file work11.tsv (TSV, C-alpha atoms)
chain	number	residue	atom	x	y	z
X	29	MET	CA	18.91	39.58	-14.93
X	30	ASP	CA	20.25	38.07	-18.15
X	31	ASN	CA	21.18	40.33	-21.04
X	32	GLY	CA	22.99	37.57	-22.90
X	33	GLY	CA	20.23	36.33	-25.19
X	34	ALA	CA	20.18	36.39	-28.96
X	35	GLY	CA	19.57	39.52	-30.98
X	36	TYR	CA	16.11	41.03	-31.13
X	37	SER	CA	13.88	41.97	-34.05
X	38	ILE	CA	11.49	44.87	-34.48
X	39	ARG	CA	8.33	44.48	-36.53
X	40	GLY	CA	7.63	48.18	-36.95
X	41	MET	CA	6.42	49.43	-33.59
X	42	GLU	CA	3.85	46.74	-32.85
X	43	LEU	CA	4.70	44.37	-30.02
X	44	LYS	CA	2.96	41.15	-29.07
X	45	ILE	CA	2.62	40.85	-25.29
X	46	LEU	CA	1.95	37.53	-23.54
X	47	SER	CA	1.14	36.88	-19.88
X	48	TRP	CA	0.82	33.41	-18.35
X	49	ASN	CA	0.72	31.80	-14.94
X	50	ILE	CA	2.47	28.59	-15.95
X	51	TRP	CA	1.56	26.73	-12.71
X	52	LEU	CA	3.99	25.05	-10.39
X	53	ASP	CA	2.80	21.74	-11.90
X	54	GLY	CA	2.60	22.97	-15.50
X	55	ASN	CA	3.83	21.01	-18.50
X	56	LEU	CA	7.00	22.96	-19.26
X	57	GLY	CA	7.68	21.27	-22.58
X	58	ASN	CA	4.27	22.30	-23.89
X	59	ILE	CA	4.65	25.78	-22.42
X	60	ILE	CA	7.95	26.30	-24.22
X	61	GLU	CA	6.44	25.10	-27.48
X	62	PHE	CA	3.45	27.43	-27.06
X	63	VAL	CA	5.79	30.38	-26.51
X	64	ARG	CA	7.81	29.44	-29.59
X	65	GLU	CA	4.69	29.33	-31.74
X	66	SER	CA	3.22	32.50	-30.20
X	67	ASP	CA	6.07	34.67	-31.53
X	68	ALA	CA	5.58	37.01	-28.56
X	69	ASP	CA	7.97	39.92	-28.09
X	70	ILE	CA	7.50	40.41	-24.33
X	71	ILE	CA	6.30	37.79	-21.86
X	72	GLY	CA	5.36	37.95	-18.19
X	73	MET	CA	5.21	34.60	-16.39
X	74	GLN	CA	4.18	33.69	-12.87
X	75	GLU	CA	4.84	30.52	-10.81
X	76	VAL	CA	8.17	30.03	-12.56
X	77	ILE	CA	10.38	27.32	-11.02
X	78	PRO	CA	13.74	27.34	-12.82
X	79	GLU	CA	14.90	24.16	-11.07
X	80	ARG	CA	12.26	22.10	-12.85
X	81	GLU	CA	13.22	20.43	-16.10
X	82	PRO	CA	13.37	21.61	-18.76
X	83	ASN	CA	14.73	24.83	-17.26
X	84	ILE	CA	12.31	27.51	-18.47
X	85	LEU	CA	14.85	30.35	-18.27
X	86	GLU	CA	17.46	28.50	-20.30
X	87	SER	CA	14.89	27.18	-22.78
X	88	LEU	CA	13.52	30.63	-23.59
X	89	ALA	CA	17.04	32.06	-23.76
X	90	ALA	CA	17.65	29.51	-26.50
X	91	LEU	CA	14.65	31.01	-28.35
X	92	GLY	CA	16.30	34.44	-28.24
X	93	TYR	CA	14.79	35.97	-25.11
X	94	HIS	CA	16.56	38.02	-22.46
X	95	HIS	CA	15.08	37.47	-19.00
X	96	ALA	CA	14.73	38.86	-15.49
X	97	PHE	CA	13.66	36.50	-12.67
X	98	SER	CA	12.77	37.14	-9.02
X	99	THR	CA	12.10	34.56	-6.34
X	100	VAL	CA	8.80	35.16	-4.58
X	101	MET	CA	8.50	32.33	-2.11
X	102	GLU	CA	9.18	28.66	-1.50
X	103	LEU	CA	5.94	26.75	-1.85
X	104	ARG	CA	7.17	23.36	-2.92
X	105	HIS	CA	7.81	20.65	-0.36
X	106	ASP	CA	11.06	19.84	-2.17
X	107	GLY	CA	12.38	23.35	-1.59
X	108	LYS	CA	12.41	24.55	-5.19
X	109	LYS	CA	12.11	28.32	-5.46
X	110	MET	CA	9.19	29.86	-7.31
X	111	GLY	CA	8.93	33.34	-8.73
X	112	ASN	CA	8.05	35.72	-11.54
X	113	ALA	CA	9.92	36.15	-14.80
X	114	VAL	CA	9.88	38.67	-17.64
X	115	PHE	CA	11.19	37.58	-21.04
X	116	SER	CA	11.98	40.05	-23.80
X	117	ARG	CA	13.32	40.08	-27.33
X	118	PHE	CA	14.56	43.58	-26.56
X	119	PRO	CA	17.50	44.54	-24.33
X	120	ILE	CA	16.77	44.84	-20.61
X	121	LEU	CA	18.01	48.20	-19.34
X	122	SER	CA	17.12	47.64	-15.68
X	123	HIS	CA	15.24	45.32	-13.34
X	124	ASP	CA	14.02	45.97	-9.81
X	125	THR	CA	11.62	44.21	-7.49
X	126	THR	CA	9.25	45.66	-4.89
X	127	ALA	CA	7.46	43.71	-2.17
X	128	LEU	CA	3.74	44.41	-2.37
X	129	SER	CA	3.28	42.64	0.95
X	130	GLU	CA	5.47	40.54	3.22
X	131	GLU	CA	2.87	38.23	4.75
X	132	PRO	CA	2.06	36.66	2.39
X	133	ARG	CA	5.03	37.72	0.32
X	134	ARG	CA	4.03	39.09	-3.07
X	135	LEU	CA	6.23	41.00	-5.49
X	136	ALA	CA	6.03	43.30	-8.48
X	137	ASP	CA	8.88	43.12	-10.96
X	138	HIS	CA	9.68	46.27	-12.92
X	139	VAL	CA	11.71	45.80	-16.08
X	140	VAL	CA	12.71	48.68	-18.35
X	141	LEU	CA	13.23	47.66	-21.96
X	142	ASP	CA	14.98	49.39	-24.82
X	143	VAL	CA	12.51	49.12	-27.70
X	144	ASN	CA	14.00	50.76	-30.77
X	145	GLY	CA	15.58	53.45	-28.61
X	146	GLU	CA	12.46	54.02	-26.49
X	147	SER	CA	12.16	52.95	-22.85
X	148	ILE	CA	9.12	50.78	-22.10
X	149	HIS	CA	8.16	49.90	-18.52
X	150	ILE	CA	6.98	46.33	-17.88
X	151	PHE	CA	5.46	45.32	-14.54
X	152	ASN	CA	4.81	41.64	-13.83
X	153	THR	CA	3.02	40.46	-10.70
X	154	HIS	CA	1.11	37.67	-8.98
X	155	ILE	CA	-1.44	38.97	-6.48
X	156	MET	CA	-2.48	36.86	-3.48
X	157	HIS	CA	-5.16	34.26	-4.12
X	158	THR	CA	-8.27	34.89	-1.99
X	159	HIS	CA	-10.62	32.41	-3.71
X	160	GLN	CA	-12.25	35.23	-5.71
X	161	LYS	CA	-13.32	37.15	-2.58
X	162	GLN	CA	-12.59	40.71	-1.51
X	163	SER	CA	-9.50	41.07	0.64
X	164	ASP	CA	-7.96	44.05	2.39
X	165	VAL	CA	-4.53	42.52	1.73
X	166	GLN	CA	-5.25	42.30	-1.99
X	167	ASP	CA	-6.48	45.89	-2.00
X	168	SER	CA	-3.30	46.99	-0.24
X	169	GLN	CA	-1.14	45.09	-2.75
X	170	ILE	CA	-2.86	46.87	-5.63
X	171	GLU	CA	-2.40	50.30	-4.07
X	172	LYS	CA	1.30	49.57	-3.60
X	173	LEU	CA	1.56	48.41	-7.21
X	174	LEU	CA	-0.16	51.52	-8.54
X	175	SER	CA	2.18	53.73	-6.52
X	176	LEU	CA	5.13	52.32	-8.47
X	177	LEU	CA	3.89	53.12	-11.97
X	178	PRO	CA	5.31	55.81	-14.24
X	179	GLU	CA	2.70	57.86	-16.11
X	180	THR	CA	3.51	56.72	-19.65
X	181	ARG	CA	4.75	53.73	-21.66
X	182	VAL	CA	3.63	51.23	-19.03
X	183	LEU	CA	2.35	47.67	-19.31
X	184	VAL	CA	1.22	45.79	-16.20
X	185	MET	CA	0.48	42.09	-16.47
X	186	GLY	CA	0.02	39.02	-14.39
X	187	ASP	CA	-2.26	36.80	-12.36
X	188	PHE	CA	-4.33	39.24	-10.30
X	189	ASN	CA	-6.45	36.49	-8.72
X	190	ALA	CA	-9.43	38.82	-9.06
X	191	THR	CA	-12.59	38.70	-11.15
X	192	PRO	CA	-13.52	41.46	-13.63
X	193	GLU	CA	-16.16	42.92	-11.28
X	194	SER	CA	-13.83	42.94	-8.27
X	195	GLY	CA	-12.57	46.07	-6.54
X	196	VAL	CA	-9.04	45.08	-7.55
X	197	VAL	CA	-9.78	45.19	-11.28
X	198	ARG	CA	-11.97	48.28	-10.98
X	199	ARG	CA	-9.16	50.08	-9.17
X	200	MET	CA	-6.58	49.08	-11.77
X	201	SER	CA	-8.95	50.28	-14.50
X	202	GLU	CA	-9.17	53.73	-12.90
X	203	VAL	CA	-5.49	54.26	-13.70
X	204	LEU	CA	-4.81	52.00	-16.69
X	205	ILE	CA	-6.74	50.43	-19.53
X	206	SER	CA	-7.65	46.75	-19.37
X	207	THR	CA	-6.63	45.55	-22.82
X	208	ASP	CA	-9.29	42.83	-23.14
X	209	PRO	CA	-12.81	44.16	-22.42
X	210	SER	CA	-14.30	40.76	-23.30
X	211	ASN	CA	-13.05	39.36	-19.97
X	212	THR	CA	-12.94	35.86	-21.45
X	213	PRO	CA	-12.32	33.33	-18.63
X	214	THR	CA	-8.76	32.16	-18.06
X	215	TRP	CA	-9.06	29.78	-15.05
X	216	SER	CA	-9.12	26.90	-14.19
X	217	MET	CA	-8.19	24.15	-16.59
X	218	TYR	CA	-7.86	21.70	-13.68
X	219	PRO	CA	-9.59	21.26	-10.30
X	220	ALA	CA	-6.10	20.95	-8.81
X	221	GLY	CA	-5.61	24.63	-9.62
X	222	CYS	CA	-7.20	25.26	-6.22
X	223	HIS	CA	-8.26	22.50	-3.86
X	224	ALA	CA	-10.40	24.94	-1.85
X	225	CYS	CA	-12.25	26.33	-4.90
X	226	ASP	CA	-12.35	22.93	-6.67
X	227	PRO	CA	-13.04	24.53	-10.09
X	228	GLN	CA	-14.72	22.18	-12.54
X	229	SER	CA	-14.35	24.36	-15.63
X	230	VAL	CA	-12.69	27.47	-17.02
X	231	TYR	CA	-15.25	29.85	-15.56
X	232	THR	CA	-13.60	33.09	-14.46
X	233	ARG	CA	-11.05	35.69	-15.50
X	234	LEU	CA	-8.06	36.08	-13.19
X	235	ASP	CA	-5.34	37.20	-15.61
X	236	TYR	CA	-4.96	40.67	-17.14
X	237	ILE	CA	-2.74	42.94	-19.20
X	238	PHE	CA	-3.18	46.63	-18.43
X	239	ALA	CA	-1.71	49.49	-20.47
X	240	SER	CA	-1.13	53.17	-19.83
X	241	ARG	CA	-3.47	55.42	-21.77
X	242	ASP	CA	-0.79	56.63	-24.20
X	243	LEU	CA	-0.44	53.11	-25.66
X	244	ALA	CA	-2.82	51.80	-28.32
X	245	THR	CA	-3.68	48.11	-28.12
X	246	HIS	CA	-5.58	45.66	-30.28
X	247	SER	CA	-6.18	41.96	-30.91
X	248	PRO	CA	-6.56	40.72	-27.32
X	249	ALA	CA	-6.76	36.95	-27.10
X	250	VAL	CA	-6.99	34.05	-24.68
X	251	GLY	CA	-4.83	31.19	-25.91
X	252	LYS	CA	-5.69	27.51	-26.05
X	253	SER	CA	-3.40	25.29	-24.02
X	254	ASP	CA	-3.74	22.53	-21.45
X	255	ALA	CA	-0.17	23.06	-20.19
X	256	SER	CA	-1.23	25.05	-17.08
X	257	ASP	CA	-4.26	25.59	-14.90
X	258	HIS	CA	-4.36	29.14	-16.32
X	259	LEU	CA	-4.82	29.97	-19.98
X	260	PRO	CA	-2.30	32.35	-21.57
X	261	ILE	CA	-3.45	35.83	-22.59
X	262	SER	CA	-2.00	38.18	-25.18
X	263	VAL	CA	-2.48	41.57	-26.82
X	264	THR	CA	-0.74	43.62	-29.49
X	265	VAL	CA	0.57	47.04	-28.45
X	266	SER	CA	1.40	49.89	-30.80
X	267	ILE	CA	4.21	52.06	-29.49
call {"tool": "encode", "arguments": {"input": "work11.tsv", "output": "structure tokens"}}
result
Amino acid sequence: MDNGGAGYSIRGMELKILSWNIWLDGNLGNIIEFVRESDADIIGMQEVIPEREPNILESLAALGYHHAFSTVMELRHDGKKMGNAVFSRFPILSHDTTALSEEPRRLADHVVLDVNGESIHIFNTHIMHTHQKQSDVQDSQIEKLLSLLPETRVLVMGDFNATPESGVVRRMSEVLISTDPSNTPTWSMYPAGCHACDPQSVYTRLDYIFASRDLATHSPAVGKSDASDHLPISVTVSI
């Protein structure tokens, strides 16, 4: 956890939230520039590899973000560690990580932020990819995730690797609100995003931001970028 970033700003009590699977082969320079232009307050990223250049943690720290990073697994043949990261313009009060499953290893990061004196709970995760098919392991990961959530002031974001009509998303929506009812597709920009699926277009939604029912949200959006196989998603939250 890094609490050494630049100072934070508060635009009233409206926060822009961004979630993005930046892909182990993503164009980090373009990703950093997109984040800079997005002016997001809180960001959840998946498939973060700090050892790649430019270093994404250091680059966003230079833009004024605090960060918390957790290693999920080693997937690269060169041994570079990949994980999840939360970036925030607000101070990080605490950060803990829970394994949603060990085989395959999947994590949920829980970061508590100090937003104008109020504690906000951010959960960032990357659920197992099952090629858009039902999976008992996925279902178990979601139940574990839901068991971790406080009742109020909660945002859960990430790559859920599940379609809008899936049991995974339906189960999440029983407890939280999906902040983008349009379910605009977010994946895949490139066939290399999954050699088994071989996607030839951006045809399905896999990425979501969920909010507890005490939080009002508006202006959901799917960003335009060719820097990753996933498109970035965002929403504005009123605290």
call {"tool": "closest_residue", "arguments": {"input": "work11.tsv", "among": "X:Met110, X:Ile155, X:Leu177, X:Cys225", "to": "Val196 of chain X", "atoms": "all atoms listed in the file"}}
result
X:Ile155
call {"tool": "atom_distance", "arguments": {"input": "work11.tsv", "atom1": "atom CA of Asp53 of chain X", "atom2": "atom CA of Asp257 of chain X"}}
result
8.6 Å
call {"tool": "closest_residue", "arguments": {"input": "work11.tsv", "among": "X:Asn189, X:Phe97, X:Gly251, X:His138", "to": "Thr232 of chain X", "atoms": "only C-alpha atoms"}}
result
X:Asn189
call {"tool": "closest_residue", "arguments": {"input": "work11.tsv", "among": "X:Pro119, X:Val263, X:Ile237, X:Gly111", "to": "Phe151 of chain X", "atoms": "only C-alpha atoms"}}
result
X:Ile237
call {"tool": "residues_around", "arguments": {"input": "work11.tsv", "residues": "Ser194 of chain X", "least_positions_apart": "3", "cutoff": "10 Å", "atoms": "all atoms listed in the file", "output": "list of chain:residue names"}}
result
X:Gln160, X:Lys161, X:Gln162, X:Asn189, X:Ala190, X:Thr191, X:Val197, X:Arg198, X:Arg199
call {"tool": "atom_distance", "arguments": {"input": "work11.tsv", "atom1": "atom CA of Val63 of chain X", "atom2": "atom CA of Val76 of chain X"}}
result
14.2 Å
call {"tool": "closest_residue", "arguments": {"input": "work11.tsv", "among": "X:Glu171, X:Asp67, X:Glu75, X:Glu61", "to": "Ser262 of chain X", "atoms": "all atoms listed in the file"}}
result
X:Asp67
call {"tool": "atom_distance", "arguments": {"input": "work11.tsv", "atom1": "atom CA of Gln166 of chain X", "atom2": "atom CA of Pro248 of chain X"}}
result
25.4 Å
call {"tool": "closest_residue", "arguments": {"input": "work11.tsv", "among": "X:Arg64, X:Arg134, X:Lys44, X:Arg233", "to": "Ile170 of chain X", "atoms": "all atoms listed in the file"}}
result
X:Arg134
call {"tool": "closest_atom_pairs", "arguments": {"input": "work11.tsv", "of": "segment 128-235 of chain X", "to": "segment 244-247 of chain X", "cutoff": "10 Å", "atoms": "all atoms listed in the file", "output": "CSV"}}
result
residue,atom,partner,partner_atom,distance
X:Ile205,CA,X:Thr245,CA,9.4
X:Ser206,CA,X:Thr245,CA,9.7
X:Thr207,CA,X:Thr245,CA,6.6
X:Asp208,CA,X:Ser247,CA,8.4
call {"tool": "closest_residue", "arguments": {"input": "work11.tsv", "among": "X:Asp242, X:Glu130, X:Glu79, X:Asp187", "to": "His154 of chain X", "atoms": "all atoms listed in the file"}}
result
X:Asp187
call {"tool": "residues_around", "arguments": {"input": "work11.tsv", "residues": "Thr125 of chain X", "least_positions_apart": "6", "cutoff": "10 Å", "atoms": "only C-alpha atoms", "output": "number ranges by chain"}}
result
X: 97-100, 135-139, 151-153
call {"tool": "residues_around", "arguments": {"input": "work11.tsv", "residues": "Ala68 of chain X", "least_positions_apart": "2", "cutoff": "10 Å", "atoms": "all atoms listed in the file", "output": "ChimeraX atom specification"}}
result
/X:43-47,62-66,70-71,93,115-117,262-264
call {"tool": "axis_aligned_box", "arguments": {"input": "work11.tsv", "around": "segment 113-116 of chain X", "padding_each_side": "8 Å", "output": "JSON"}}
result
{"center_x": 10.9, "center_y": 38.1, "center_z": -19.3, "size_x": 18.1, "size_y": 19.9, "size_z": 25.0}
